[in-house]
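Undergrad: Structure file protein.csv (CSV, C-alpha atoms and all ligand atoms) is given on the next line.
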```
chain,number,residue,atom,x,y,z
A,174,MET,CA,-8.9,-155.2,16.2
A,175,ALA,CA,-8.1,-154.5,12.5
A,176,GLY,CA,-6.1,-157.7,12.5
A,177,PHE,CA,-9.1,-159.6,13.8
A,178,ILE,CA,-11.4,-158.2,11.1
A,179,PHE,CA,-8.9,-158.7,8.3
A,180,SER,CA,-7.9,-162.2,9.4
A,181,ASN,CA,-11.1,-163.4,7.7
A,182,PHE,CA,-9.8,-162.3,4.3
A,183,ASP,CA,-7.4,-164.4,2.4
A,184,LYS,CA,-4.2,-163.1,0.8
A,185,VAL,CA,-6.0,-162.5,-2.5
A,186,GLY,CA,-8.6,-160.4,-0.8
A,187,TYR,CA,-5.9,-158.2,0.9
A,188,ASN,CA,-4.1,-157.7,-2.4
A,189,PHE,CA,-7.3,-156.9,-4.3
A,190,PHE,CA,-8.3,-154.3,-1.6
A,191,ILE,CA,-4.8,-152.7,-1.8
A,192,PHE,CA,-5.0,-152.7,-5.6
A,193,VAL,CA,-8.4,-150.9,-5.6
A,194,LEU,CA,-7.1,-148.4,-3.0
A,195,GLY,CA,-4.2,-147.8,-5.3
A,196,LEU,CA,-6.5,-147.2,-8.3
A,197,VAL,CA,-8.7,-144.7,-6.4
A,198,THR,CA,-5.5,-142.9,-5.2
A,199,GLY,CA,-4.1,-142.9,-8.7
A,200,SER,CA,-7.3,-141.3,-9.9
A,201,PHE,CA,-6.7,-138.5,-7.4
A,202,LEU,CA,-3.1,-138.2,-8.5
A,203,ASN,CA,-4.3,-137.6,-12.0
A,204,VAL,CA,-6.3,-134.6,-10.7
A,205,CYS,CA,-3.1,-133.3,-9.0
A,206,ILE,CA,-1.0,-133.9,-12.1
A,207,TYR,CA,-3.5,-131.8,-14.2
A,208,ARG,CA,-4.3,-129.1,-11.7
A,209,LEU,CA,-1.1,-128.4,-9.7
A,210,PRO,CA,1.0,-126.9,-12.6
A,211,ARG,CA,-2.1,-124.9,-13.6
A,212,GLU,CA,-2.4,-123.4,-10.1
A,213,GLN,CA,-5.9,-124.9,-9.6
A,214,SER,CA,-7.3,-126.4,-6.4
A,215,VAL,CA,-7.1,-130.2,-6.3
A,216,VAL,CA,-10.2,-130.4,-4.1
A,217,LYS,CA,-12.8,-128.3,-5.9
A,218,PRO,CA,-14.5,-128.2,-8.3
A,219,ARG,CA,-15.3,-131.8,-9.4
A,220,SER,CA,-13.5,-133.3,-12.4
A,221,ARG,CA,-14.5,-131.8,-15.7
A,222,CYS,CA,-13.6,-132.4,-19.3
A,223,PRO,CA,-10.9,-129.9,-20.1
A,224,HIS,CA,-12.3,-129.4,-23.6
A,225,CYS,CA,-16.2,-129.1,-23.2
A,226,LYS,CA,-16.1,-128.3,-19.5
A,227,LYS,CA,-18.8,-130.7,-18.7
A,228,THR,CA,-18.7,-132.2,-15.2
A,229,ILE,CA,-17.7,-135.9,-15.4
A,230,ALA,CA,-20.4,-138.2,-13.9
A,231,TRP,CA,-19.3,-140.7,-11.2
A,232,TYR,CA,-19.9,-143.6,-13.5
A,233,ASP,CA,-17.5,-142.1,-16.1
A,234,ASN,CA,-14.9,-141.5,-13.4
A,235,ILE,CA,-14.2,-145.1,-12.3
A,236,PRO,CA,-10.5,-145.9,-12.5
A,237,LEU,CA,-9.4,-148.0,-15.5
A,238,LEU,CA,-12.9,-149.2,-16.3
A,239,SER,CA,-14.3,-145.9,-17.4
A,240,TYR,CA,-11.4,-145.3,-19.7
A,241,ILE,CA,-11.9,-148.7,-21.3
A,242,MET,CA,-15.8,-148.3,-21.5
A,243,LEU,CA,-15.4,-144.8,-23.1
A,244,ARG,CA,-12.6,-146.0,-25.3
A,245,GLY,CA,-10.5,-143.1,-24.1
A,246,LYS,CA,-13.0,-140.4,-25.2
A,247,CYS,CA,-15.1,-137.8,-23.4
A,248,ARG,CA,-18.8,-139.0,-23.4
A,249,ASN,CA,-20.0,-135.5,-24.2
A,250,CYS,CA,-17.6,-134.1,-26.8
A,251,SER,CA,-15.5,-137.2,-27.8
A,252,THR,CA,-12.2,-135.4,-27.1
A,253,LYS,CA,-9.5,-137.9,-26.5
A,254,ILE,CA,-8.6,-138.6,-22.9
A,255,PRO,CA,-4.8,-138.9,-22.6
A,256,PHE,CA,-3.7,-142.5,-22.1
A,257,GLN,CA,-1.6,-141.1,-19.2
A,258,TYR,CA,-4.7,-141.2,-17.0
A,259,PHE,CA,-4.9,-144.9,-17.4
A,260,ILE,CA,-1.2,-145.4,-16.9
A,261,VAL,CA,-1.1,-143.3,-13.7
A,262,GLU,CA,-4.0,-145.3,-12.2
A,263,LEU,CA,-2.4,-148.6,-13.0
A,264,LEU,CA,1.1,-147.5,-11.9
A,265,THR,CA,-0.2,-146.2,-8.6
A,266,ALA,CA,-2.1,-149.5,-8.0
A,267,PHE,CA,1.0,-151.6,-8.7
A,268,MET,CA,3.1,-149.4,-6.4
A,269,PHE,CA,0.6,-149.9,-3.6
A,270,LEU,CA,0.8,-153.7,-4.2
A,271,TRP,CA,4.6,-153.6,-4.3
A,272,VAL,CA,4.9,-151.6,-1.0
A,273,TYR,CA,2.3,-153.7,0.7
A,274,ASN,CA,3.9,-157.0,-0.2
A,275,GLN,CA,7.3,-155.7,0.9
A,276,PHE,CA,6.5,-153.9,4.1
A,277,GLY,CA,3.0,-155.2,5.1
A,278,PHE,CA,0.2,-153.3,6.8
A,279,THR,CA,2.6,-150.9,8.6
A,280,ILE,CA,3.2,-147.2,9.3
A,281,LEU,CA,6.3,-147.6,7.1
A,282,SER,CA,4.2,-148.7,4.2
A,283,LEU,CA,1.9,-145.7,4.6
A,284,ILE,CA,5.0,-143.3,4.6
A,285,TYR,CA,6.5,-145.0,1.5
A,286,ILE,CA,3.1,-144.7,-0.3
A,287,ILE,CA,2.9,-141.0,0.5
A,288,PHE,CA,6.5,-140.6,-0.8
A,289,ILE,CA,5.8,-142.6,-4.0
A,290,CYS,CA,2.6,-140.7,-4.7
A,291,GLY,CA,4.6,-137.4,-4.5
A,292,LEU,CA,7.1,-138.9,-7.0
A,293,ILE,CA,4.4,-140.0,-9.4
A,294,ILE,CA,3.0,-136.5,-9.5
A,295,ALA,CA,6.4,-135.0,-9.9
A,296,THR,CA,7.3,-137.4,-12.7
A,297,PHE,CA,4.2,-136.7,-14.8
A,298,VAL,CA,4.1,-133.0,-14.3
A,299,ASP,CA,7.8,-132.9,-15.2
A,300,PHE,CA,7.2,-135.0,-18.3
A,301,ASN,CA,4.4,-132.6,-19.4
A,302,PHE,CA,5.7,-129.2,-18.3
A,303,ARG,CA,9.4,-129.6,-17.4
A,304,ILE,CA,8.7,-128.3,-14.0
A,305,ILE,CA,8.1,-129.9,-10.6
A,306,PRO,CA,5.5,-128.2,-8.5
A,307,ASP,CA,6.7,-126.7,-5.2
A,308,GLU,CA,3.7,-128.3,-3.5
A,309,ILE,CA,5.5,-131.6,-4.1
A,310,ASN,CA,9.1,-130.5,-3.7
A,311,ILE,CA,9.0,-128.1,-0.8
A,312,GLY,CA,5.9,-129.7,0.6
A,313,GLY,CA,7.7,-133.1,0.4
A,314,ILE,CA,10.8,-131.8,2.1
A,315,ILE,CA,8.8,-130.4,5.0
A,316,LEU,CA,6.6,-133.5,5.3
A,317,GLY,CA,9.7,-135.7,5.2
A,318,LEU,CA,11.2,-133.8,8.1
A,319,VAL,CA,8.1,-133.9,10.2
A,320,ILE,CA,7.5,-137.6,9.6
A,321,SER,CA,11.1,-138.4,10.4
A,322,PHE,CA,10.8,-136.6,13.7
A,323,ILE,CA,7.4,-138.3,14.6
A,324,TYR,CA,8.5,-141.7,13.2
A,325,PRO,CA,12.3,-141.9,13.4
A,326,TYR,CA,12.2,-145.6,12.6
A,327,LEU,CA,12.1,-144.4,9.0
A,328,HIS,CA,15.8,-143.7,9.5
A,329,ASN,CA,16.5,-146.8,11.6
A,330,SER,CA,16.4,-145.0,14.9
A,331,SER,CA,14.0,-144.8,17.9
A,332,VAL,CA,15.2,-141.3,18.9
A,333,ASN,CA,13.0,-138.6,17.5
A,334,ILE,CA,15.7,-136.0,17.2
A,335,LEU,CA,18.0,-138.4,15.5
A,336,GLY,CA,15.3,-139.1,12.9
A,337,LEU,CA,15.0,-135.4,12.3
A,338,TYR,CA,18.8,-135.0,12.0
A,339,ARG,CA,19.2,-137.9,9.5
A,340,SER,CA,16.3,-136.4,7.4
A,341,PHE,CA,18.0,-133.0,7.5
A,342,LEU,CA,21.3,-134.5,6.5
A,343,GLY,CA,19.5,-136.3,3.6
A,344,ILE,CA,18.1,-132.9,2.4
A,345,ILE,CA,21.4,-131.1,2.6
A,346,ILE,CA,23.5,-133.9,0.9
A,347,GLY,CA,20.8,-134.9,-1.6
A,348,GLY,CA,20.1,-131.3,-2.7
A,349,GLY,CA,23.7,-130.3,-2.4
A,350,ILE,CA,25.0,-133.0,-4.7
A,351,ILE,CA,22.7,-132.0,-7.6
A,352,TRP,CA,23.3,-128.3,-6.9
A,353,ILE,CA,27.1,-128.7,-7.2
A,354,THR,CA,26.7,-130.9,-10.3
A,355,GLY,CA,24.6,-128.1,-11.8
A,356,ILE,CA,27.2,-125.5,-11.1
A,357,ILE,CA,30.0,-127.6,-12.7
A,358,GLY,CA,27.7,-128.5,-15.6
A,359,ASP,CA,26.8,-124.9,-16.2
A,360,PHE,CA,30.5,-124.0,-16.2
A,361,VAL,CA,31.5,-126.8,-18.6
A,362,PHE,CA,28.6,-126.6,-21.0
A,363,LYS,CA,27.9,-122.9,-20.7
A,364,LYS,CA,24.2,-123.4,-20.3
A,365,GLU,CA,21.8,-124.5,-17.6
A,366,THR,CA,22.2,-128.3,-17.1
A,367,MET,CA,20.2,-128.9,-13.8
A,368,GLY,CA,17.0,-127.2,-12.9
A,369,GLY,CA,16.2,-126.0,-9.4
A,370,GLY,CA,13.4,-128.5,-9.4
A,371,ASP,CA,15.9,-131.4,-9.6
A,372,VAL,CA,17.8,-129.9,-6.6
A,373,LYS,CA,14.6,-129.8,-4.5
A,374,LEU,CA,13.5,-133.2,-5.7
A,375,LEU,CA,16.6,-135.0,-4.6
A,376,ALA,CA,16.5,-133.0,-1.3
A,377,MET,CA,13.0,-134.4,-0.8
A,378,ILE,CA,14.2,-137.9,-1.6
A,379,GLY,CA,16.9,-137.4,1.0
A,380,ALA,CA,14.4,-136.2,3.5
A,381,PHE,CA,12.6,-139.5,3.3
A,382,LEU,CA,15.4,-142.0,2.5
A,383,GLY,CA,18.4,-140.4,4.1
A,384,TRP,CA,21.7,-139.2,2.7
A,385,LYS,CA,23.2,-142.6,1.6
A,386,MET,CA,20.1,-143.5,-0.4
A,387,ALA,CA,20.0,-140.0,-1.9
A,388,ILE,CA,23.6,-140.4,-3.1
A,389,LEU,CA,22.8,-143.8,-4.5
A,390,THR,CA,19.7,-142.4,-6.3
A,391,PHE,CA,22.0,-139.7,-7.8
A,392,PHE,CA,24.3,-142.3,-9.3
A,393,ILE,CA,21.5,-144.6,-10.5
A,394,ALA,CA,19.3,-141.9,-12.1
A,395,PRO,CA,21.7,-141.2,-15.1
A,396,ILE,CA,21.6,-144.9,-16.0
A,397,PHE,CA,17.8,-144.7,-16.6
A,398,GLY,CA,18.2,-141.2,-18.1
A,399,ALA,CA,20.8,-142.6,-20.6
A,400,ILE,CA,18.6,-145.5,-21.6
A,401,VAL,CA,15.5,-143.4,-22.2
A,402,GLY,CA,17.5,-140.6,-23.6
A,403,ILE,CA,18.9,-142.8,-26.3
A,404,ILE,CA,15.5,-144.1,-27.2
A,405,ILE,CA,14.1,-140.6,-27.4
A,406,LYS,CA,17.0,-139.5,-29.4
A,407,LEU,CA,16.6,-142.4,-31.8
A,408,ARG,CA,12.9,-141.6,-32.3
A,409,THR,CA,13.0,-137.8,-32.3
A,410,LYS,CA,15.6,-135.1,-32.7
A,411,ASN,CA,14.8,-133.8,-29.3
A,412,SER,CA,17.8,-134.4,-26.9
A,413,LEU,CA,16.4,-132.3,-24.1
A,414,ILE,CA,14.9,-134.6,-21.5
A,415,ALA,CA,13.3,-133.9,-18.1
A,416,TYR,CA,15.5,-135.3,-15.3
A,417,GLY,CA,13.0,-135.5,-12.5
A,418,PRO,CA,11.4,-138.8,-13.7
A,419,TYR,CA,14.8,-140.6,-13.6
A,420,LEU,CA,15.5,-139.3,-10.1
A,421,SER,CA,12.0,-140.6,-9.1
A,422,LEU,CA,12.5,-143.9,-10.8
A,423,ALA,CA,15.9,-144.4,-9.3
A,424,SER,CA,14.7,-143.5,-5.8
A,425,VAL,CA,12.0,-146.1,-6.0
A,426,VAL,CA,14.6,-148.7,-7.0
A,427,VAL,CA,16.7,-147.5,-4.1
A,428,LEU,CA,13.8,-147.7,-1.7
A,429,PHE,CA,13.3,-151.4,-2.4
A,430,TRP,CA,16.8,-152.6,-3.2
A,431,GLY,CA,19.1,-149.8,-1.9
A,432,GLU,CA,20.5,-151.7,1.0
A,433,ASN,CA,21.3,-154.7,-1.2
A,434,ILE,CA,22.9,-152.5,-3.9
A,435,LEU,CA,25.1,-150.8,-1.2
A,436,MET,CA,26.1,-154.2,0.2
A,437,TRP,CA,27.0,-155.4,-3.3
A,438,ILE,CA,29.1,-152.3,-4.0
A,439,LEU,CA,30.9,-152.3,-0.7
A,440,PHE,CA,31.5,-156.1,-0.1
A,441,ARG,CA,31.4,-157.8,-3.5
B,1,ZN,ZN,-15.7,-133.2,-23.3
```
Starting from the coordinates I provided, produce the structure as structure tokens.

TA:
Amino acid sequence: MAGFIFSNFDKVGYNFFIFVLGLVTGSFLNVCIYRLPREQSVVKPRSRCPHCKKTIAWYDNIPLLSYIMLRGKCRNCSTKIPFQYFIVELLTAFMFLWVYNQFGFTILSLIYIIFICGLIIATFVDFNFRIIPDEINIGGIILGLVISFIYPYLHNSSVNILGLYRSFLGIIIGGGIIWITGIIGDFVFKKETMGGGDVKLLAMIGAFLGWKMAILTFFIAPIFGAIVGIIIKLRTKNSLIAYGPYLSLASVVVLFWGENILMWILFR
């Protein structure tokens, strides 16, 4: 039925629809990024300016456009709206497009979108606060397990219990590899090297992508970390960087190209 209705749209129409859906979702992710680390409800109340507390009108809350129209300032008090809002909306929309073009209108796409939305929240909260909210970490691990049981095709199986098992294995191996690295790092450097948030984040990634992709993520993340770390070090004196964003970025790369990367490593 849906196929019949949508067959009247052309490819541009589809993509535009997905893009707008991504923008609206990104707008909600911004709310989560602001409120989750502050222990506030993401549902109520409506969005307010954090400075003057004035409720934001719907026409000032349109993704991307409002930011441009308001030139990045609150209409009431002219306090600067962080550019991050704009970035998160755009990033989410492009992720929606990427997933849709790779996996189509499928259940798999929906699962990957949910997964990536969790990663986007984790990334920006980690950037701002150096923590990853448990709603995302623990919530993601549980959700990953449940989805893997209901939809075992996520782990290339048609047997429910096997989907659950592979998700569980992803959690143990993904979380375990960072946990052990942390213990070794703490011993060598005599200070905390890996946060508990990183352990839970890679466990969550394992829950959705399985143990092989979790290990691959673990090895790819430091490459991004090193590149950005060098840039940050050149620009500031701060060498302390949040690790969650690099795990997230690596896991997205692995989601799209993981199988190819594994093939290349094993059979080149
Ligand atoms: Zn204001």

Undergrad: Residues at most 7 Å from ligand ZN 1 (chain B), using only C-alpha atoms and all ligand atoms? Could they come as number ranges by chain?

TA: A: 222-227, 247-252

Undergrad: Which residue out of A:Phe276, A:Phe288, A:Phe300, A:Phe341 has the minimum interatomic distance to Gly379 in chain A when only C-alpha atoms are used?

TA: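 Between A:Phe276, A:Phe288, A:Phe300, A:Phe341, the residue approaching Gly379 in chain A most closely is A:Phe341.
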
Undergrad: Report as CSV: every residue of range 252-273 of chain A with an atom at most 10 Å from range 419-439 of chain A, its closest pair of atoms, and their distance in Å to one decimal, counting only C-alpha atoms, with rows sorted by chain and ascending residue number.

TA:
```
residue,atom,partner,partner_atom,distance
A:Met268,CA,A:Val425,CA,9.5
A:Trp271,CA,A:Phe429,CA,9.2
A:Val272,CA,A:Phe429,CA,8.5
```

Undergrad: Got time to write the residues from that selection, C-alpha atoms, as a CSV table (one decimal), in the frame of the given file?

TA:
```
chain,number,residue,atom,x,y,z
A,268,MET,CA,3.1,-149.4,-6.4
A,271,TRP,CA,4.6,-153.6,-4.3
A,272,VAL,CA,4.9,-151.6,-1.0
```

Undergrad: Hey, what's within 10 Å of range 321-328 of chain A if we count all atoms listed in the file and toss same-chain stuff fewer than 2 positions away? As a list in words, please?

TA: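 With the cut-off at 10 Å, the set is Ile280, Leu281, Ile284, Tyr285, Ile315, Leu316, Gly317, Leu318, Val319, Ser330, Ser331, Val332, Asn333, Ile334, Leu335, Gly336, Leu337, Tyr338, Arg339, Ser340, Phe341, Ala380, Phe381, Leu382 and Gly383 of chain A.
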
Undergrad: I'd like to know which of A:Asn329, A:Ser220, A:Asn274, A:Thr279 is closest to Lys184 in chain A, using all atoms listed in the file.

TA: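 For Lys184 in chain A, the nearest of the candidates is A:Asn274.
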
Undergrad: Of the candidates A:Ala415, A:Ile229, A:Leu342, A:Ile286, which shows the shortest atom-to-atom distance to Ile305 in chain A, using only C-alpha atoms?

TA: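 The shortest atom-to-atom distance to Ile305 in chain A comes from A:Ala415.
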
Undergrad: Expressed in Å to a single decimal, how great is the separation between CA of Leu389 in chain A and CA of Glu308 in chain A?

TA: 24.6 Å

Undergrad: Measuring atom to atom with only C-alpha atoms, identify which of A:Gly402, A:Gly368, A:Gly199, A:Gly312 is nearest to Asp299 in chain A.

TA: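 Comparing A:Gly402, A:Gly368, A:Gly199, A:Gly312 against Asp299 in chain A, the winner is A:Gly368.
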
Undergrad: Can you work out the spacing between CA of Val298 in chain A and CA of Tyr207 in chain A in Å, to one decimal?

TA: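 CA of Tyr207 in chain A lies 7.7 Å from CA of Val298 in chain A.
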
Undergrad: Rank A:Asp371, A:Gly343, A:Leu237, A:Ala387 by their smallest atom-to-atom distance to Leu263 in chain A, using all atoms listed in the file, and report the top residue only.

TA: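 Between A:Asp371, A:Gly343, A:Leu237, A:Ala387, the residue approaching Leu263 in chain A most closely is A:Leu237.
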
Undergrad: Complete the atoms of range 219-232 of chain A to N, CA, C and O atoms and put them out as a PDB file, keeping the file's coordinate frame.

TA:
```pdb
ATOM      1  N   ARG A 219     -15.416-130.430  -8.941  1.00  0.00           N
ATOM      2  CA  ARG A 219     -15.300-131.800  -9.400  1.00  0.00           C
ATOM      3  C   ARG A 219     -14.697-131.889 -10.757  1.00  0.00           C
ATOM      4  O   ARG A 219     -14.616-130.895 -11.471  1.00  0.00           O
ATOM      5  N   SER A 220     -14.254-133.083 -11.134  1.00  0.00           N
ATOM      6  CA  SER A 220     -13.500-133.300 -12.400  1.00  0.00           C
ATOM      7  C   SER A 220     -14.432-132.875 -13.589  1.00  0.00           C
ATOM      8  O   SER A 220     -15.603-133.249 -13.646  1.00  0.00           O
ATOM      9  N   ARG A 221     -13.844-132.121 -14.524  1.00  0.00           N
ATOM     10  CA  ARG A 221     -14.500-131.800 -15.700  1.00  0.00           C
ATOM     11  C   ARG A 221     -13.701-132.170 -16.941  1.00  0.00           C
ATOM     12  O   ARG A 221     -12.495-132.327 -16.836  1.00  0.00           O
ATOM     13  N   CYS A 222     -14.358-132.255 -18.081  1.00  0.00           N
ATOM     14  CA  CYS A 222     -13.600-132.400 -19.300  1.00  0.00           C
ATOM     15  C   CYS A 222     -12.916-131.130 -19.641  1.00  0.00           C
ATOM     16  O   CYS A 222     -13.554-130.087 -19.683  1.00  0.00           O
ATOM     17  N   PRO A 223     -11.599-131.140 -19.839  1.00  0.00           N
ATOM     18  CA  PRO A 223     -10.900-129.900 -20.100  1.00  0.00           C
ATOM     19  C   PRO A 223     -11.317-129.220 -21.397  1.00  0.00           C
ATOM     20  O   PRO A 223     -11.125-128.024 -21.580  1.00  0.00           O
ATOM     21  N   HIS A 224     -11.943-129.989 -22.279  1.00  0.00           N
ATOM     22  CA  HIS A 224     -12.300-129.400 -23.600  1.00  0.00           C
ATOM     23  C   HIS A 224     -13.749-128.839 -23.543  1.00  0.00           C
ATOM     24  O   HIS A 224     -13.925-127.651 -23.812  1.00  0.00           O
ATOM     25  N   CYS A 225     -14.762-129.631 -23.189  1.00  0.00           N
ATOM     26  CA  CYS A 225     -16.200-129.100 -23.200  1.00  0.00           C
ATOM     27  C   CYS A 225     -16.625-128.627 -21.864  1.00  0.00           C
ATOM     28  O   CYS A 225     -17.742-128.125 -21.740  1.00  0.00           O
ATOM     29  N   LYS A 226     -15.780-128.776 -20.824  1.00  0.00           N
ATOM     30  CA  LYS A 226     -16.100-128.300 -19.500  1.00  0.00           C
ATOM     31  C   LYS A 226     -17.214-128.971 -18.759  1.00  0.00           C
ATOM     32  O   LYS A 226     -17.676-128.521 -17.721  1.00  0.00           O
ATOM     33  N   LYS A 227     -17.724-130.044 -19.327  1.00  0.00           N
ATOM     34  CA  LYS A 227     -18.800-130.700 -18.700  1.00  0.00           C
ATOM     35  C   LYS A 227     -18.330-131.551 -17.493  1.00  0.00           C
ATOM     36  O   LYS A 227     -17.313-132.236 -17.587  1.00  0.00           O
ATOM     37  N   THR A 228     -19.025-131.446 -16.362  1.00  0.00           N
ATOM     38  CA  THR A 228     -18.700-132.200 -15.200  1.00  0.00           C
ATOM     39  C   THR A 228     -18.765-133.709 -15.492  1.00  0.00           C
ATOM     40  O   THR A 228     -19.723-134.146 -16.124  1.00  0.00           O
ATOM     41  N   ILE A 229     -17.752-134.462 -15.055  1.00  0.00           N
ATOM     42  CA  ILE A 229     -17.700-135.900 -15.400  1.00  0.00           C
ATOM     43  C   ILE A 229     -18.540-136.662 -14.341  1.00  0.00           C
ATOM     44  O   ILE A 229     -18.312-136.539 -13.137  1.00  0.00           O
ATOM     45  N   ALA A 230     -19.503-137.436 -14.820  1.00  0.00           N
ATOM     46  CA  ALA A 230     -20.400-138.200 -13.900  1.00  0.00           C
ATOM     47  C   ALA A 230     -19.555-139.286 -13.211  1.00  0.00           C
ATOM     48  O   ALA A 230     -18.523-139.733 -13.721  1.00  0.00           O
ATOM     49  N   TRP A 231     -20.032-139.693 -12.030  1.00  0.00           N
ATOM     50  CA  TRP A 231     -19.300-140.700 -11.200  1.00  0.00           C
ATOM     51  C   TRP A 231     -19.011-141.955 -12.006  1.00  0.00           C
ATOM     52  O   TRP A 231     -17.953-142.551 -11.912  1.00  0.00           O
ATOM     53  N   TYR A 232     -20.013-142.364 -12.816  1.00  0.00           N
ATOM     54  CA  TYR A 232     -19.900-143.600 -13.500  1.00  0.00           C
ATOM     55  C   TYR A 232     -18.891-143.515 -14.719  1.00  0.00           C
ATOM     56  O   TYR A 232     -18.499-144.519 -15.302  1.00  0.00           O
TER      57      TYR A 232
END
```
